[in-house]
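Peer 1: I am attaching a structure below and will ask some questions about it afterwards.
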Amino acid sequence: MIVYRSWRMITTAVITCFLLLDVGFAQIAPNYTFMHEATEAPRVSFFDYIVIGGGTAGIPIATALSANYSVLLLERGGSPYNDANITNLMNFGRYFFDTSPDSPSVQFIVEGVVNALPRVLGGGTSINAGFYSRGEDQFNTEAKLTDADLIEDSYQWVENSIVHDLPLDNWQSALKAGLLEAEVTPDNGNSYDHIIGTKEGGSIFDQNGTRHTAADLLQYANPERLSLYLHANVHKVLFKHKGSAKPKAYGVVFEDRLGKKHVAYLKGRKQDEIILAAGALGSPQLLMLSGIGPKDQLDALNIRVVLEQPFVGQDMADNPQNSLFIPSPIAVSPSIIQVVGITPFGSYIEEAGGFNFIFANLSDYQGFTYEKGGFIFEKINGPLSKGDLKIVTRNPSDLPSLTFNYFSEPEDLEKCVGGLETILKAVDSEAFSNYKFANMTDQDILDLNMKLPYNLIPHGNTSISLEQHCKDTIRTIWHYHGGCLIGQVVDDDYKVIGVDSLRVIDGSTLLNSPGTNPQASLLMLGRYMGVTILGQRLAREKPYADW
């Protein structure tokens with residue numbers, strides 16, 4: 001316990017002292033002297049830590065470790081700065097249709113549902129809808145996070161930097177009151193906590209509509225110890241294996257945008273590590289490309305088996321989302337997700353008003369317009385329905401094959417039905433009456449939404465039941481997780497079971513998607529584990545008595 005407390009004190013002192021030196025980077029296009037194109041990387045380099053994935057978890061990890069150790073952070077995408085499609089709220093979603101090589105988003109389709117994968121510094125925080133709400137206590141238990149003080153400190157570190165509280169407009173206020181009338185109670189006011197009832201959360205968009213991503217947290221990195229390369233496509237992790245000892249990760253091979261290969265090695269000290277933070281699709285794919293995964297898949301692609309691990313790529317999940325567009329007789333101010341209703345049965349209700357949230361053509365709205373109306377949608381927790389991920393080529397740029405098996409478990413479907421019923425109750429409330437046509441019935445609303453292009457699944461134009469409506473209008477909410485589950489692929493410290501010097505810390509380890517929206521929990525997880533790894537190493541290498 002003395003050692004444990006001492007490393008916390010050491011880490012806090014080191015990071016606090018460093019932060020006092022320079023926190024003045026600008027929010028837009030900061031002068032990060034450590035950020036370069038991978039074409040500028042040396043052919044061979046050496047570091048104490050190599051972090052793969054400059055996203056929601058990877059950036060906080062690398063930032064913490066850079067306080068005392070050399071860190072290489074590799075991001076396969078480009079910078080989010082100076083791109084108005086990313087930084088400006090009113091341009092939300094335009095990148096989903098950008099198919100260029102430099103797009104921050106990669107489109108893929110699973111079971112008729114159009115999905116998107118981030119390919120940009122900041123990861124999902126650079127392309128998501130921005131809502132910020134902490135995960136439930138269950139997440140901390142499942143993620144094996146035992147230090148309550150460090151959990152709180154890590155959340156606050158994020159919130160003090162990139163999270164904002166925005167005022168509600170009239171449509172949002174009416175919906176909030178309507179949810180309370182629909183018995184999604186109590187009224188929890190403005191809160192970042194996951195609490196049953198209706199509340200307002202935070203946003204990574206500020207009051208000017210400017211997005212603040214995980215990349216902004218790099219302002220707290222040590223510029224003398226961090227090297228960040230963009231458009232660095234990692235091909236594999238390198239392992240060495242002597243005798244009966246476990247395979248040990250010792251380097252990575254990555255390619256720049258000109259096709260040139262680079263190799264980065266660990267310096268070779270006992271505590272040096274490679275950390276995968278490439279996301280729920282990227283991390284299991286990269287493990288398999290590196291020789292860790294189901295033997296049949298590796299053999300089929302002539303990949304040398306480093307460790308047979310049948311759980312890699314298993315239990316992949318995406319929380320299904322179902323929306324109802326509610327036409328309004330009056331104009332609605334554009335907004336994206338500030339009000340959320342957290343039901344006791346596992347459906348979370350959110351909103352986007354006056355905004356083309358499904359990016360449909362105007363004609364798709366059947367004579368209505370998105371400027372006069374809004375989307376109220378529900379996401380189920382969990383989910384229980386699971387699929388898998390399989391690699392199909394040895395090229396890391398090729399997307400793996402995926403299944404999510406949406407609504408294959410009856411309990412998931414029941415939650416969706418309950419969520420839609422709750423939305424309709426809120427829409428029919430007195431509080432929301434100004435924003436609903438008086439003569440429009442629930443069936444009218446459901447039938448209208450059957451005609452909107454929510455997905456690529458063939459279906460009729462009439463809603464015959466809420467169960468079928470859920471299946472016919474399913475969308476993604478981009479909350480992918482699984483593939484490297486804690487307890488199966490990684491241990492409680494996120495170390496890959498069966499090998500040394502390799503961890504996975506990202507959404508691929510999650511058993512369930514935390515809270516209403518996972519970005520807060522993943523940002524916290526990255527900070528928590530970065531501080532933990534740093535502190536434990538400092539305690540081993542520099543006894544407390546020396547401080």
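So you can find residues: chains in the structure tokens are A, B, ... in the order shown, residues in each start at 1, and ligands are numbered from 1 in order.
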Looking only at the backbone, which of the residues in stretch 84-301 of chain A does DSSP tag as strand (DSSP E), as JSON, numbers by chain?
Peer 2: {"A": [105, 106, 107, 108, 109, 110, 113, 114, 115, 116, 117, 118, 131, 132, 187, 188, 189, 190, 197, 198, 199, 200, 202, 203, 226, 227, 228, 229, 230, 233, 234, 235, 236, 237, 238, 239, 240, 248, 249, 250, 251, 252, 253, 254, 255, 261, 262, 263, 264, 265, 266, 273, 274, 275, 276, 292, 293]}
Peer 1: Could you make a table, as a tab-separated table, of the residues of stretch 296-321 of chain A that have an atom within 12 Å of an atom of stretch 331-355 of chain A, each with its nearest atom pair and distance in Å to one decimal, counting only C-alpha atoms, in chain and number order?
Peer 2:
```
residue	atom	partner	partner_atom	distance
A:Asn319	CA	A:Ser347	CA	10.5
A:Pro320	CA	A:Ser347	CA	10.5
A:Gln321	CA	A:Tyr348	CA	9.5
```
Peer 1: Taking the DSSP assignment computed from this structure's backbone, write out as number ranges by chain all residues of stretch 6-255 of chain A that belong to alpha helix (DSSP H).
Peer 2: A: 6-19, 58-65, 84-87, 137-142, 148-162, 170-181
Peer 1: Could you give me, as a PDB file with C-alpha atoms, in the first residue's frame, the residues within 6 Å of stretch 67-84 of chain A, counting only C-alpha atoms and dropping anything in the same chain fewer than 6 positions from it?
Peer 2:
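File written: out.pdb
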```pdb
ATOM      1  CA  ALA A  29      -4.369  24.421 -35.393  1.00  0.00           C
ATOM      2  CA  PHE A  47      11.329   4.483 -27.800  1.00  0.00           C
ATOM      3  CA  ASP A  48      10.307   3.539 -24.280  1.00  0.00           C
ATOM      4  CA  TYR A  49       6.660   3.240 -25.350  1.00  0.00           C
ATOM      5  CA  ILE A  50       4.946   2.830 -28.694  1.00  0.00           C
ATOM      6  CA  VAL A  51       1.225   3.696 -28.756  1.00  0.00           C
ATOM      7  CA  ILE A  52      -0.702   2.606 -31.847  1.00  0.00           C
ATOM      8  CA  GLY A  53      -3.775   4.769 -32.421  1.00  0.00           C
ATOM      9  CA  GLY A  54      -4.068   8.499 -31.769  1.00  0.00           C
ATOM     10  CA  ARG A 119      -9.470   7.687 -39.572  1.00  0.00           C
ATOM     11  CA  VAL A 120      -8.176  10.885 -38.013  1.00  0.00           C
ATOM     12  CA  LEU A 121      -6.210  12.150 -35.029  1.00  0.00           C
ATOM     13  CA  ASN A 222       5.831  16.715 -23.043  1.00  0.00           C
ATOM     14  CA  ARG A 225       9.516  13.192 -25.238  1.00  0.00           C
ATOM     15  CA  LEU A 226       6.554  12.659 -27.575  1.00  0.00           C
ATOM     16  CA  SER A 227       6.837  11.902 -31.283  1.00  0.00           C
ATOM     17  CA  LEU A 228       3.539  11.816 -33.190  1.00  0.00           C
ATOM     18  CA  TYR A 229       3.359  10.662 -36.786  1.00  0.00           C
ATOM     19  CA  LEU A 230       0.278  11.090 -38.976  1.00  0.00           C
ATOM     20  CA  HIS A 231      -0.700   8.852 -41.881  1.00  0.00           C
ATOM     21  CA  ALA A 232       1.307   6.076 -40.251  1.00  0.00           C
ATOM     22  CA  ASN A 233      -0.301   2.769 -41.174  1.00  0.00           C
TER      23      ASN A 233
END
```
Peer 1: Find, counting only C-alpha atoms, the residue in A:Thr56, A:Gln297, A:Ser161, A:Thr198 that gets nearest to A:Lys176.
Peer 2: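 Using only C-alpha atoms, A:Lys176 sits closest to A:Thr198.
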Peer 1: Identify, on the basis of only C-alpha atoms, every residue whose closest approach to A:Phe359 does not exceed 12 Å; exclude the query and any residue fewer than 2 positions from it along the same chain; express the result as a compact mmCIF listing (two decimals) with N, CA, C and O atoms, in the first residue's frame.
Peer 2:
```
# COMPACT_ATOMS: atom_id res chain seq x y z
N ASN A 91 -21.45 21.44 -39.77
CA ASN A 91 -21.00 20.54 -40.84
C ASN A 91 -20.97 19.09 -40.39
O ASN A 91 -20.44 18.23 -41.10
N PHE A 92 -21.53 18.83 -39.22
CA PHE A 92 -21.49 17.47 -38.68
C PHE A 92 -21.98 16.45 -39.72
O PHE A 92 -23.04 16.61 -40.32
N GLY A 93 -21.19 15.41 -39.92
CA GLY A 93 -21.60 14.29 -40.74
C GLY A 93 -21.21 14.35 -42.21
O GLY A 93 -21.32 13.35 -42.92
N ARG A 94 -20.73 15.50 -42.68
CA ARG A 94 -20.39 15.59 -44.10
C ARG A 94 -19.29 14.59 -44.47
O ARG A 94 -19.26 14.07 -45.59
N TYR A 95 -18.40 14.34 -43.53
CA TYR A 95 -17.27 13.42 -43.79
C TYR A 95 -17.73 11.98 -43.99
O TYR A 95 -17.00 11.16 -44.54
N PHE A 96 -18.94 11.65 -43.55
CA PHE A 96 -19.41 10.28 -43.74
C PHE A 96 -19.56 9.94 -45.22
O PHE A 96 -19.60 8.76 -45.59
N PHE A 97 -19.67 10.95 -46.07
CA PHE A 97 -19.84 10.72 -47.50
C PHE A 97 -18.57 11.04 -48.29
O PHE A 97 -18.58 11.00 -49.51
N VAL A 114 -25.40 1.11 -42.53
CA VAL A 114 -24.22 1.88 -42.95
C VAL A 114 -23.48 2.37 -41.70
O VAL A 114 -24.06 3.07 -40.86
N PHE A 355 -32.08 19.47 -37.64
CA PHE A 355 -30.82 19.05 -38.21
C PHE A 355 -31.05 17.79 -39.04
O PHE A 355 -31.80 16.90 -38.65
N ASN A 356 -30.40 17.69 -40.17
CA ASN A 356 -30.55 16.54 -41.05
C ASN A 356 -29.70 15.38 -40.51
O ASN A 356 -28.68 15.01 -41.08
N PHE A 357 -30.16 14.81 -39.43
CA PHE A 357 -29.36 13.85 -38.67
C PHE A 357 -29.12 12.56 -39.45
O PHE A 357 -28.15 11.84 -39.18
N ASN A 361 -31.95 13.20 -48.46
CA ASN A 361 -32.36 14.23 -49.40
C ASN A 361 -33.66 14.87 -48.91
O ASN A 361 -34.47 14.23 -48.23
N LEU A 362 -33.87 16.12 -49.28
CA LEU A 362 -35.07 16.83 -48.83
C LEU A 362 -36.34 16.11 -49.25
O LEU A 362 -37.33 16.05 -48.49
N SER A 363 -36.33 15.50 -50.43
CA SER A 363 -37.51 14.79 -50.92
C SER A 363 -37.87 13.59 -50.05
O SER A 363 -39.02 13.14 -50.04
N ASP A 364 -36.90 13.06 -49.33
CA ASP A 364 -37.15 11.89 -48.48
C ASP A 364 -38.07 12.22 -47.30
O ASP A 364 -38.66 11.32 -46.70
N TYR A 365 -38.19 13.50 -46.98
CA TYR A 365 -38.97 13.90 -45.81
C TYR A 365 -40.47 13.98 -46.09
O TYR A 365 -41.23 14.45 -45.24
N TYR A 370 -36.45 19.00 -42.41
CA TYR A 370 -35.76 18.77 -41.14
C TYR A 370 -35.59 20.05 -40.34
O TYR A 370 -35.44 20.01 -39.11
N PHE A 375 -35.20 14.83 -34.67
CA PHE A 375 -35.09 13.39 -34.48
C PHE A 375 -34.96 13.09 -32.98
O PHE A 375 -34.15 13.71 -32.27
N LEU A 452 -38.33 6.88 -44.46
CA LEU A 452 -37.04 7.57 -44.42
C LEU A 452 -35.90 6.57 -44.62
O LEU A 452 -35.98 5.42 -44.18
N PRO A 453 -34.81 7.01 -45.25
CA PRO A 453 -33.71 6.09 -45.59
C PRO A 453 -32.75 5.85 -44.42
O PRO A 453 -31.59 6.28 -44.45
N TYR A 454 -33.22 5.12 -43.43
CA TYR A 454 -32.40 4.87 -42.26
C TYR A 454 -31.28 3.86 -42.53
O TYR A 454 -30.24 3.88 -41.87
N ASN A 455 -31.52 2.93 -43.46
CA ASN A 455 -30.54 1.88 -43.72
C ASN A 455 -30.77 1.33 -45.13
O ASN A 455 -31.54 1.90 -45.91
```
Peer 1: Give me the residues near stretch 480-490 of chain A as a list in words, where near means some atom within 6 Å (using only C-alpha atoms) and where sequence neighbours in that chain fewer than 6 positions away do not count.
Peer 2: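 These residues fall inside the cut-off: Ala280, Pro284, Val312, Gly313, Gln314, Asp315, Met316, Ala317, Asp318, Val496, Ile497, Gly507, Ser508, Thr509 and Leu510 of chain A.
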Peer 1: Let's have the selection written as a PDB file, in the first residue's frame, with C-alpha atoms.
Peer 2:
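Below is the file result34.pdb, written as the result:
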```
ATOM      1  CA  ALA A 280     -12.682  -1.956 -31.581  1.00  0.00           C
ATOM      2  CA  PRO A 284      -8.195  -7.107 -32.983  1.00  0.00           C
ATOM      3  CA  VAL A 312      -9.467 -12.341 -30.637  1.00  0.00           C
ATOM      4  CA  GLY A 313     -12.224 -10.874 -32.808  1.00  0.00           C
ATOM      5  CA  GLN A 314     -15.020 -12.466 -30.802  1.00  0.00           C
ATOM      6  CA  ASP A 315     -17.977 -10.776 -29.068  1.00  0.00           C
ATOM      7  CA  MET A 316     -18.072  -7.798 -31.408  1.00  0.00           C
ATOM      8  CA  ALA A 317     -21.029  -5.533 -30.711  1.00  0.00           C
ATOM      9  CA  ASP A 318     -22.675  -2.345 -31.925  1.00  0.00           C
ATOM     10  CA  VAL A 496      -2.299  -9.272 -23.634  1.00  0.00           C
ATOM     11  CA  ILE A 497      -2.528 -12.712 -22.075  1.00  0.00           C
ATOM     12  CA  GLY A 507     -13.047   0.034 -26.815  1.00  0.00           C
ATOM     13  CA  SER A 508     -12.121  -3.435 -28.032  1.00  0.00           C
ATOM     14  CA  THR A 509     -11.709  -4.533 -24.405  1.00  0.00           C
ATOM     15  CA  LEU A 510     -15.202  -3.445 -23.284  1.00  0.00           C
TER      16      LEU A 510
END
```
Peer 1: Name the closest residue to A:Leu276 among the candidates A:Thr516, A:Ser45, A:Ser501, A:Ser203; distances are taken between atoms, counting only C-alpha atoms.
Peer 2: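 Selected residue with least distance to A:Leu276: A:Ser501.
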Peer 1: Of the residues A:Glu200, A:Ser105, A:Gln138, A:Phe311, which is the one nearest to A:Gly387, using only C-alpha atoms?
Peer 2: A:Phe311
Peer 1: Using Å and a single decimal, report how far atom CA of A:Gly293 sits from atom CA of A:Phe46.
Peer 2: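 Taking atom CA of A:Phe46 and atom CA of A:Gly293, their separation equals 26.9 Å.
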Peer 1: Between atom CA of A:Ile358 and atom CA of A:Gly202, what is the spacing in Å?
Peer 2: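 If I compute the distance from atom CA of A:Gly202 to atom CA of A:Ile358, I get 22.2 Å.
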Peer 1: Between atom CA of A:Thr369 and atom CA of A:Phe325, what is the distance, to one decimal in Å?
Peer 2: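 Between these atoms lies a distance of 10.0 Å.
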Peer 1: Within 8 Å of stretch 519-526 of chain A, counting only C-alpha atoms, which residues qualify if same-chain residues fewer than 4 places away don't, as a list in words?
Peer 2: Thr56, Ala57, Gly58, Ile59, Pro60, Ile61, Gly124, Thr125, Tyr132, Ser133, Arg134, Gly135, Ile151, Ser154, Tyr155, Val158, Ala214, Ile505, Asp506, Gly507, Pro514 and Gly530 of chain A
Peer 1: Excluding same-chain residues fewer than 2 positions from A:Ser429, what lies within 10 Å of it counting only C-alpha atoms, as a list of chain:residue names?
Peer 2: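 These residues fall inside the cut-off: A:Ala174, A:Leu175, A:Ala177, A:Gly178, A:Leu179, A:Leu180, A:Glu181, A:Ala182, A:Ile423, A:Leu424, A:Lys425, A:Ala426, A:Val427, A:Ala431, A:Phe432, A:Ser433, A:Asn434, A:Lys436.
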